[in-house]
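Chemist: To be precise about what I am sending: the file is called run.cif and holds mmCIF, C-alpha atoms.
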data_input
#
loop_
_atom_site.label_atom_id
_atom_site.label_comp_id
_atom_site.auth_asym_id
_atom_site.auth_seq_id
_atom_site.Cartn_x
_atom_site.Cartn_y
_atom_site.Cartn_z
CA MET A 1207 93.47 103.94 116.22
CA GLN A 1208 94.09 105.88 113.00
CA THR A 1209 96.88 104.27 110.96
CA LYS A 1210 99.05 105.29 108.04
CA LEU A 1211 97.23 102.55 106.12
CA ASP A 1212 93.97 104.46 106.68
CA GLU A 1213 95.60 107.62 105.35
CA LEU A 1214 97.27 106.07 102.30
CA MET A 1215 94.48 103.74 101.15
CA PRO A 1216 91.11 105.06 102.33
CA ARG A 1217 89.37 103.38 99.37
CA PHE A 1218 89.97 99.79 98.40
CA ASP A 1219 88.37 96.77 96.78
CA VAL A 1220 89.37 94.26 99.44
CA ARG A 1221 90.08 94.62 103.14
CA ALA A 1222 91.05 91.74 105.41
CA ARG A 1223 91.91 92.26 109.09
CA TYR A 1224 92.98 89.78 111.77
CA GLU A 1225 94.23 90.23 115.31
CA ALA A 1226 95.54 88.38 118.33
CA ARG A 1227 96.22 89.14 121.96
CA VAL A 1228 99.87 88.59 122.91
CA GLU A 1229 100.95 88.02 126.50
CA ALA A 1230 104.17 89.98 126.04
CA SER A 1231 105.20 93.61 125.95
CA PRO A 1232 104.77 95.70 122.80
CA GLU A 1233 108.58 95.94 122.54
CA ARG A 1234 108.98 92.16 122.65
CA THR A 1235 106.12 91.72 120.17
CA ARG A 1236 107.70 94.22 117.75
CA SER A 1237 111.00 92.38 118.06
CA ALA A 1238 109.32 89.03 117.35
CA LEU A 1239 107.58 90.58 114.35
CA ARG A 1240 110.91 91.80 112.91
CA GLU A 1241 112.57 88.40 113.49
CA THR A 1242 109.84 86.21 111.99
CA ASP A 1243 110.49 84.90 108.50
CA PHE A 1244 106.97 84.43 107.18
CA SER A 1245 108.18 82.64 104.07
CA GLN A 1246 109.41 79.73 106.18
CA MET A 1247 106.11 78.97 107.92
CA PRO A 1248 104.71 75.57 106.86
CA LEU A 1249 101.19 76.55 105.81
CA THR A 1250 102.41 79.70 104.09
CA ARG A 1251 105.02 77.75 102.12
CA LEU A 1252 102.47 75.16 101.06
CA LEU A 1253 99.79 77.64 100.03
CA MET A 1254 102.21 79.98 98.23
CA GLY A 1255 103.72 77.00 96.41
CA LEU A 1256 100.27 75.94 95.23
CA ARG A 1257 99.29 79.50 94.40
CA THR A 1258 102.31 80.20 92.20
CA LEU A 1259 102.59 76.70 90.69
CA GLY A 1260 106.36 77.08 90.85
CA CYS A 1261 106.32 80.33 88.82
CA ARG A 1262 107.69 82.54 91.56
CA PRO A 1263 111.47 82.90 91.69
CA LYS A 1264 113.21 81.29 94.65
CA VAL A 1265 114.50 83.71 97.29
CA PRO A 1266 117.74 82.71 99.06
CA VAL A 1267 117.17 81.47 102.61
CA SER A 1268 120.34 83.30 103.68
CA LEU A 1269 118.57 86.66 103.46
CA THR A 1270 117.05 88.35 106.51
CA PRO A 1271 113.24 88.30 106.83
CA GLU A 1272 113.06 91.93 105.64
CA GLU A 1273 115.36 91.20 102.68
CA ARG A 1274 113.20 88.20 101.74
CA LEU A 1275 110.06 90.38 101.75
CA ARG A 1276 111.83 92.96 99.57
CA ALA A 1277 112.96 90.24 97.15
CA ALA A 1278 109.32 89.19 96.81
CA GLY A 1279 108.40 92.78 95.87
CA PHE A 1280 107.20 94.08 99.25
CA VAL A 1281 108.56 97.55 100.00
CA PRO A 1282 108.56 99.05 103.51
CA ILE A 1283 106.53 102.26 103.67
CA PRO A 1284 107.30 104.76 106.45
CA SER A 1285 104.42 104.84 108.91
CA ASP A 1286 105.50 107.64 111.29
CA SER A 1287 104.68 105.40 114.25
CA GLU A 1288 106.54 102.65 116.05
CA GLU A 1289 103.17 100.96 116.54
CA GLU A 1290 102.72 100.30 112.79
CA THR A 1291 104.80 98.41 110.24
CA LEU A 1292 103.58 99.03 106.70
CA MET A 1293 104.51 97.44 103.36
CA GLY A 1294 103.29 97.83 99.82
CA VAL A 1295 103.41 95.88 96.58
CA VAL A 1296 102.09 96.38 93.06
CA GLY A 1297 101.30 93.60 90.65
CA ARG A 1298 98.87 91.59 88.64
CA PHE A 1299 98.19 89.23 91.51
CA TRP A 1300 95.79 87.08 89.48
CA ARG A 1301 98.66 85.83 87.30
CA PRO A 1302 100.49 82.65 88.41
CA ASP A 1303 103.73 84.65 88.84
CA SER A 1304 101.80 87.46 90.64
CA GLY A 1305 103.03 89.97 88.07
CA VAL A 1306 104.83 91.86 90.84
CA VAL A 1307 106.47 95.11 89.73
CA HIS A 1308 109.95 95.13 91.25
CA GLY A 1309 112.14 98.17 91.84
CA LEU A 1310 109.47 100.59 92.99
CA THR A 1311 110.10 102.94 95.89
CA ALA A 1312 107.62 103.45 98.72
CA GLU A 1313 106.57 106.76 97.16
CA GLU A 1314 106.04 105.14 93.75
CA ILE A 1315 103.86 102.41 95.26
CA VAL A 1316 101.69 104.92 97.09
CA ALA A 1317 101.28 107.04 93.93
CA PHE A 1318 100.86 104.08 91.53
CA GLU A 1319 97.68 104.41 89.42
CA LYS A 1320 98.40 102.52 86.17
CA PRO A 1321 95.29 100.65 84.96
CA GLY A 1322 95.63 96.90 84.62
CA TYR A 1323 97.40 96.46 87.97
CA ALA A 1324 96.47 96.28 91.62
CA LYS A 1325 98.30 97.69 94.57
CA ALA A 1326 98.26 96.24 98.04
CA LEU A 1327 99.19 97.79 101.35
CA TRP A 1328 99.70 95.49 104.30
CA ASN A 1329 100.34 96.48 107.88
CA PHE A 1330 100.95 95.11 111.32
CA THR A 1331 100.01 97.15 114.35
CA VAL A 1332 101.37 96.51 117.83
CA THR A 1333 99.46 98.32 120.56
CA PRO A 1334 99.60 97.99 124.34
CA GLU A 1335 96.49 96.64 126.04
CA PRO A 1336 95.23 98.59 129.09
CA SER A 1337 95.19 95.37 131.15
CA GLY A 1338 98.72 94.41 130.07
CA GLY A 1339 99.97 92.52 127.06
CA THR A 1340 99.69 93.60 123.47
CA ARG A 1341 97.16 93.66 120.66
CA LEU A 1342 98.82 92.45 117.43
CA ALA A 1343 96.82 93.04 114.26
CA THR A 1344 97.40 92.78 110.53
CA GLU A 1345 95.36 94.34 107.79
CA THR A 1346 95.62 94.01 104.03
CA ARG A 1347 93.94 96.36 101.59
CA VAL A 1348 93.98 95.97 97.83
CA LEU A 1349 92.91 98.47 95.21
CA ALA A 1350 92.49 97.22 91.64
CA LEU A 1351 93.22 99.89 89.06
CA GLY A 1352 90.70 99.93 86.22
CA ASN A 1353 87.66 97.83 85.39
CA SER A 1354 89.57 94.99 83.75
CA ALA A 1355 91.95 94.65 86.71
CA ARG A 1356 89.01 94.86 89.12
CA ARG A 1357 87.18 92.01 87.36
CA ARG A 1358 90.29 89.84 87.29
CA PHE A 1359 91.20 90.62 90.87
CA ARG A 1360 87.69 89.85 92.16
CA ALA A 1361 87.73 86.43 90.46
CA TYR A 1362 91.20 85.76 91.85
CA TRP A 1363 90.23 86.90 95.36
CA PHE A 1364 87.09 84.73 95.36
CA VAL A 1365 89.41 81.70 95.20
CA VAL A 1366 92.50 82.97 97.04
CA GLY A 1367 90.97 85.22 99.72
CA PRO A 1368 90.13 82.49 102.27
CA PHE A 1369 93.63 81.03 101.95
CA SER A 1370 95.18 84.48 102.34
CA GLY A 1371 93.28 84.70 105.63
CA LEU A 1372 94.79 81.38 106.78
CA ILE A 1373 98.27 82.73 105.99
CA ARG A 1374 97.64 85.94 107.97
CA LYS A 1375 96.37 83.94 110.95
CA GLU A 1376 99.47 81.72 110.80
CA MET A 1377 101.63 84.86 110.81
CA LEU A 1378 99.92 86.20 113.91
CA ARG A 1379 100.25 82.84 115.70
CA GLU A 1380 103.97 82.65 114.92
CA VAL A 1381 104.72 86.21 116.08
CA LYS A 1382 102.65 85.56 119.24
CA ARG A 1383 104.50 82.29 119.89
CA ARG A 1384 107.91 83.96 119.52
CA ALA A 1385 107.00 86.99 121.64
CA GLU A 1386 105.53 84.89 124.45
CA ALA A 1387 108.39 82.38 124.40
CA SER A 1388 110.91 85.08 125.25
CA ARG A 1389 109.04 86.71 128.16
#
Could you write out this structure as structure tokens?
Modeler:
Amino acid sequence: MQTKLDELMPRFDVRARYEARVEASPERTRSALRETDFSQMPLTRLLMGLRTLGCRPKVPVSLTPEERLRAAGFVPIPSDSEEETLMGVVGRFWRPDSGVVHGLTAEEIVAFEKPGYAKALWNFTVTPEPSGGTRLATETRVLALGNSARRRFRAYWFVVGPFSGLIRKEMLREVKRRAEASR
């Protein structure tokens, strides 16, 4: 399946993809995806706390999951398909505070090319399985802008990459659990 992610970031320095089969309809899976607050998952909270060493600003729990993602710098990017949810963020991810650039629009993230930064696009796809159920997948792509940023990002990813994978897997498990619980 061709995605908006493929169109917007055909070249990248890092690509990580994970998927799960969900025994629920695509509609129910999409609903569970929208309702899940990833920042409240135990492993994610622990790993992000360690990763930022307390340097990341606290986001109020009273916000909706989408508002919490926005507060962290993730901006929804139109995908032209109900099967794909796409977000983007720009920063200096190798810094303890992530160096996230706040206030960018979706268009500005897609067009961002300033050396010394990296931009990440992250999607979820929800597709029906021919035999019933749903295939839920998430993919993250990161493009470091400039040689210095690329060197720093590669060193950062060498350490953080495996833990990022654990977070993505926890996200898929939680969405699957919610979608299947409401069948």
Chemist: Please measure the separation of atom CA of A:Ile1315 and atom CA of A:Val1295, giving the value in Å to one decimal.
Modeler: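 Computing it gives 6.7 Å between the two atoms.
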Chemist: Would you mind reading off the distance between atom CA of A:Thr1344 and atom CA of A:Val1296, one decimal, in Å?
Modeler: 18.4 Å
Chemist: Using only C-alpha atoms for the distances, tell me which of A:Thr1242, A:Thr1311, A:Thr1209, A:Ser1231 is nearest to A:Glu1335.
Modeler: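 With only C-alpha atoms as the atom set, the closest residue is A:Ser1231.
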Chemist: Could you name the residues that touch A:Arg1379 at 10 Å or less, counting all atoms listed in the file, but leaving out those on the same chain fewer than 2 positions away, as a PDB file with C-alpha atoms, in the frame of the given file?
Modeler:
ATOM      1  CA  GLU A1225      94.230  90.230 115.310  1.00  0.00           C
ATOM      2  CA  ALA A1226      95.540  88.380 118.330  1.00  0.00           C
ATOM      3  CA  ARG A1227      96.220  89.140 121.960  1.00  0.00           C
ATOM      4  CA  VAL A1228      99.870  88.590 122.910  1.00  0.00           C
ATOM      5  CA  LEU A1342      98.820  92.450 117.430  1.00  0.00           C
ATOM      6  CA  ILE A1373      98.270  82.730 105.990  1.00  0.00           C
ATOM      7  CA  ARG A1374      97.640  85.940 107.970  1.00  0.00           C
ATOM      8  CA  LYS A1375      96.370  83.940 110.950  1.00  0.00           C
ATOM      9  CA  GLU A1376      99.470  81.720 110.800  1.00  0.00           C
ATOM     10  CA  MET A1377     101.630  84.860 110.810  1.00  0.00           C
ATOM     11  CA  VAL A1381     104.720  86.210 116.080  1.00  0.00           C
ATOM     12  CA  LYS A1382     102.650  85.560 119.240  1.00  0.00           C
ATOM     13  CA  ARG A1383     104.500  82.290 119.890  1.00  0.00           C
ATOM     14  CA  ARG A1384     107.910  83.960 119.520  1.00  0.00           C
ATOM     15  CA  ALA A1385     107.000  86.990 121.640  1.00  0.00           C
TER      16      ALA A1385
END
Chemist: Closest to A:Tyr1224 among A:Ala1343, A:Val1281, A:Ala1361, A:Leu1310, using only C-alpha atoms?
Modeler: A:Ala1343
Chemist: Closest to A:Pro1321 among A:Gly1338, A:Gly1294, A:Pro1302, A:Gly1352, using all atoms listed in the file?
Modeler: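 Counting all atoms listed in the file, the residue closest to A:Pro1321 is A:Gly1352.
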Chemist: Which residues fall under the PyMOL selection byres ((chain A and resi 1235) around 10) in this file, as a short mmCIF file (atom, residue, chain, number, x, y, z; two decimals) with C-alpha atoms, keeping the file's coordinate frame?
Modeler:
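Contents of selection_6.cif, as written:
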data_model
loop_
_atom_site.label_atom_id
_atom_site.label_comp_id
_atom_site.auth_asym_id
_atom_site.auth_seq_id
_atom_site.Cartn_x
_atom_site.Cartn_y
_atom_site.Cartn_z
CA VAL A 1228 99.87 88.59 122.91
CA GLU A 1229 100.95 88.02 126.50
CA ALA A 1230 104.17 89.98 126.04
CA SER A 1231 105.20 93.61 125.95
CA PRO A 1232 104.77 95.70 122.80
CA GLU A 1233 108.58 95.94 122.54
CA ARG A 1234 108.98 92.16 122.65
CA ARG A 1236 107.70 94.22 117.75
CA SER A 1237 111.00 92.38 118.06
CA ALA A 1238 109.32 89.03 117.35
CA LEU A 1239 107.58 90.58 114.35
CA ARG A 1240 110.91 91.80 112.91
CA GLU A 1241 112.57 88.40 113.49
CA VAL A 1332 101.37 96.51 117.83
CA THR A 1333 99.46 98.32 120.56
CA PRO A 1334 99.60 97.99 124.34
CA GLY A 1339 99.97 92.52 127.06
CA THR A 1340 99.69 93.60 123.47
CA ARG A 1341 97.16 93.66 120.66
CA LEU A 1342 98.82 92.45 117.43
CA VAL A 1381 104.72 86.21 116.08
CA LYS A 1382 102.65 85.56 119.24
CA ARG A 1383 104.50 82.29 119.89
CA ARG A 1384 107.91 83.96 119.52
CA ALA A 1385 107.00 86.99 121.64
CA GLU A 1386 105.53 84.89 124.45
CA SER A 1388 110.91 85.08 125.25
CA ARG A 1389 109.04 86.71 128.16
#
Chemist: Using all atoms listed in the file, can you tell me which of A:Leu1378, A:Trp1363, A:Gln1208, A:Arg1357 comes closest to A:Glu1289?
Modeler: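 The answer is A:Gln1208, which sits nearest to A:Glu1289.
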Chemist: Near A:Gly1297, within 6 Å and counting all atoms listed in the file, which residues show up once chain neighbours fewer than 2 positions away are dropped, as a list in words?
Modeler: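 My list of contacting residues is Phe1299, Gly1305, Val1306, Val1307, Tyr1323 and Ala1324 of chain A.
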Chemist: Between A:Arg1223, A:Phe1280, A:Thr1291, A:Val1348, which is the closest to A:Lys1325 once you count all atoms listed in the file?
Modeler: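 Checking each candidate against A:Lys1325, we get A:Val1348 as the closest.
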Chemist: What's the separation between atom CA of A:Ala1317 and atom CA of A:Leu1372, in Å to one decimal place?
Modeler: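 These atoms are spaced 29.4 Å apart.
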Chemist: Enumerate, as a VMD selection string, the residues matched when the PyMOL selection byres ((chain A and resi 1216-1220) around 10) is run on the file above.
Modeler: chain A and resid 1210 to 1215 1221 to 1222 1324 to 1327 1346 to 1351 1356 1359 to 1360 1363 1367
Chemist: Measuring atom to atom with only C-alpha atoms, identify which of A:Glu1345, A:Arg1358, A:Glu1380, A:Phe1330 is nearest to A:Ser1285.
Modeler: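 For A:Ser1285, the nearest of the given residues is A:Phe1330.
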